[in-house]
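**Q** Take this structure first; my questions come after.
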Amino acid sequence: MNHPSSPSLSALPAASAHAQQHSLAADDPATRSYQQAQRNGLPGAWSCGLHLGPHQVLWAAGADTPMPSVRLSLPLGGERTARQFFRHAVPTPLELENAIAVVEDEVHVGHQQLQGLLPGGQVWAPWSADAALHDLATLAGVPPGAQRVLTLEVMERLFSRLAAVAEGRPAAHEGLPEDPVFAGTLLVLRELMHHLPFATLTLMNRP
């Protein structure tokens, strides 16, 4: 499938030096989250930060370096997905299905670019300070705190509630907003967690 706005990977280790270079600000939200993850991680382990914005996903990762050695940019976001696929306050099952197919393809390209970076036995476990992701965690029932862990299982239960609303269950019965941007953000997060992949996301307060 064609990817007219394909992901880009930058600042790679020497083994991937021929990858496309892409300039991202050193103080971008993913980098700040990476630095927080690194401060809380084990020596030698890979750390990563995630920013799921309205129009773009940023991913920053590295091991034992103050700045990330890997930055990935994906043309995905909550508002972008809602604008592209959803024509209703609550998306229809067909709209969800069409969005999943395209978002999954974009995430797969990102996964291909990240493959081989992690040493054996390590997994991606990103950190984020995004308010939109905190909102998802709250809707999923994750207790508030300085650090909140949203698991793949808990996220998937939240997405199942959205799917039930798309099938006709009143949103109020599930405690969900009738908001296409919420649906777009949740859908993008779901595909990231399934296909990058990562099973946990640690949410922290903004510094």
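Chain labels run A, B, ... following the order of the structure tokens; each chain numbers its residues from 1, and ligands are numbered from 1 in the order shown.
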Would you please give, as a ChimeraX atom specification, all residues of chain A that DSSP assigns to helix (DSSP H, G or I) based on the backbone?
**A** /A:14-16,29-39,78-85,93-114,131-139,152-166,171-174,180-195
**Q** Can you pull out every residue within 12 Å of Leu139 in chain A, counting only C-alpha atoms, but drop anything in the same chain fewer than 6 positions away, and send it as a ChimeraX atom specification?
**A** /A:132-133,150,154-155,157-159,161-162,174-177,182-183,186
**Q** When distances are computed from only C-alpha atoms, which of A:Arg83, A:Arg32, A:His194, A:His134 shows the smallest separation from Ala60 in chain A?
**A**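 Counting only C-alpha atoms, the residue closest to Ala60 in chain A is A:Arg32.
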**Q** For a test of reading the model, state the distance in Å between CA of Thr31 in chain A and CA of Pro68 in chain A, rounded to one decimal.
**A**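 Going from CA of Thr31 in chain A over to CA of Pro68 in chain A covers 6.7 Å.
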**Q** Tell me, which residues of range 25-154 of chain A carry DSSP strand (DSSP E), written as a list in words?
**A** Ser47, Cys48, Gly49, Leu50, His51, Leu52, Val57, Leu58, Trp59, Ala60, Ala61, Gly62, Val70, Arg71, Leu72, Ser73, Leu74, Trp127, Ser128, Gln147, Arg148, Val149, Leu150 and Thr151 of chain A
**Q** Between A:Ser73, A:Gly44, A:Thr81, A:Asp28, which one has atoms that come closest to Thr185 in chain A, using only C-alpha atoms?
**A**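 Checking each candidate against Thr185 in chain A, we get A:Thr81 as the closest.
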**Q** Within 12 Å of Gly41 in chain A, counting only C-alpha atoms, which residues qualify if same-chain residues fewer than 6 places away don't, as an MDAnalysis selection string?
**A** chainID A and resid 34:35 47:48 62:65 124:127 202
**Q** If you count only C-alpha atoms, which residues fall within 10 Å of Pro197 in chain A, apart from same-chain ones fewer than 5 positions away, as a list in words?
**A** Val107, His108, His111, Val123, Trp124, Ala125, Leu152, Arg190, Glu191 and Leu192 of chain A
**Q** Store the residues picked out above in a file with N, CA, C and O atoms, as a JSON list (two decimals), in the first residue's frame.
**A**
```
[["chain", "number", "residue", "atom", "x", "y", "z"],
["A", 107, "VAL", "N", 1.41, 2.26, 11.27],
["A", 107, "VAL", "CA", 2.15, 1.79, 12.44],
["A", 107, "VAL", "C", 3.09, 0.65, 12.05],
["A", 107, "VAL", "O", 4.21, 0.54, 12.57],
["A", 108, "HIS", "N", 2.65, -0.19, 11.14],
["A", 108, "HIS", "CA", 3.50, -1.31, 10.71],
["A", 108, "HIS", "C", 4.79, -0.79, 10.08],
["A", 108, "HIS", "O", 5.87, -1.37, 10.29],
["A", 111, "HIS", "N", 6.96, 0.13, 12.87],
["A", 111, "HIS", "CA", 7.48, -1.09, 13.50],
["A", 111, "HIS", "C", 8.66, -1.64, 12.72],
["A", 111, "HIS", "O", 9.68, -2.05, 13.30],
["A", 123, "VAL", "N", 11.86, -5.07, 26.12],
["A", 123, "VAL", "CA", 10.61, -4.71, 25.44],
["A", 123, "VAL", "C", 10.45, -3.19, 25.49],
["A", 123, "VAL", "O", 11.01, -2.51, 26.35],
["A", 124, "TRP", "N", 9.68, -2.66, 24.54],
["A", 124, "TRP", "CA", 9.34, -1.24, 24.60],
["A", 124, "TRP", "C", 8.33, -1.03, 25.74],
["A", 124, "TRP", "O", 7.38, -1.78, 25.90],
["A", 125, "ALA", "N", 8.56, 0.01, 26.51],
["A", 125, "ALA", "CA", 7.64, 0.38, 27.60],
["A", 125, "ALA", "C", 7.67, 1.90, 27.72],
["A", 125, "ALA", "O", 8.30, 2.46, 28.62],
["A", 152, "LEU", "N", -2.09, -2.91, 28.08],
["A", 152, "LEU", "CA", -2.75, -3.29, 26.84],
["A", 152, "LEU", "C", -4.14, -3.86, 27.13],
["A", 152, "LEU", "O", -5.11, -3.54, 26.43],
["A", 190, "ARG", "N", -4.42, 2.31, 20.43],
["A", 190, "ARG", "CA", -4.62, 0.85, 20.33],
["A", 190, "ARG", "C", -3.71, 0.24, 19.27],
["A", 190, "ARG", "O", -3.05, -0.80, 19.52],
["A", 191, "GLU", "N", -3.63, 0.84, 18.10],
["A", 191, "GLU", "CA", -2.80, 0.28, 17.05],
["A", 191, "GLU", "C", -1.31, 0.38, 17.39],
["A", 191, "GLU", "O", -0.54, -0.52, 17.08],
["A", 192, "LEU", "N", -0.91, 1.46, 18.04],
["A", 192, "LEU", "CA", 0.49, 1.58, 18.48],
["A", 192, "LEU", "C", 0.84, 0.46, 19.46],
["A", 192, "LEU", "O", 1.88, -0.18, 19.34]]
```
**Q** With distances taken over only C-alpha atoms, which of A:Glu104, A:Asp179, A:Asp130, A:Glu156 is nearest to Pro29 in chain A?
**A**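 Comparing A:Glu104, A:Asp179, A:Asp130, A:Glu156 against Pro29 in chain A, the winner is A:Asp130.
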**Q** So that I can check the surroundings of His88 in chain A, please list as a PyMOL selection string every protein, DNA and RNA residue that reaches within 9 Å of it, counting only C-alpha atoms and ignoring chain neighbours fewer than 3 positions away.
**A** chain A and resi 91-92+178-180
**Q** Which residues are near Gly77 in chain A? Cut-off 7 Å, only C-alpha atoms, ignore same chain within fewer than 6 positions. Put them as a count of residues only.
**A** 8
**Q** Would you compute the distance between CA of Pro119 in chain A and CA of Ala37 in chain A? Give it in Å to one decimal.
**A**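 These two atoms are separated by 17.5 Å.
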**Q** Report the distance between CA of Ser128 in chain A and CA of Ser33 in chain A in Å, rounded to one decimal place.
**A**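 That distance, rounded to one decimal, is 5.3 Å.
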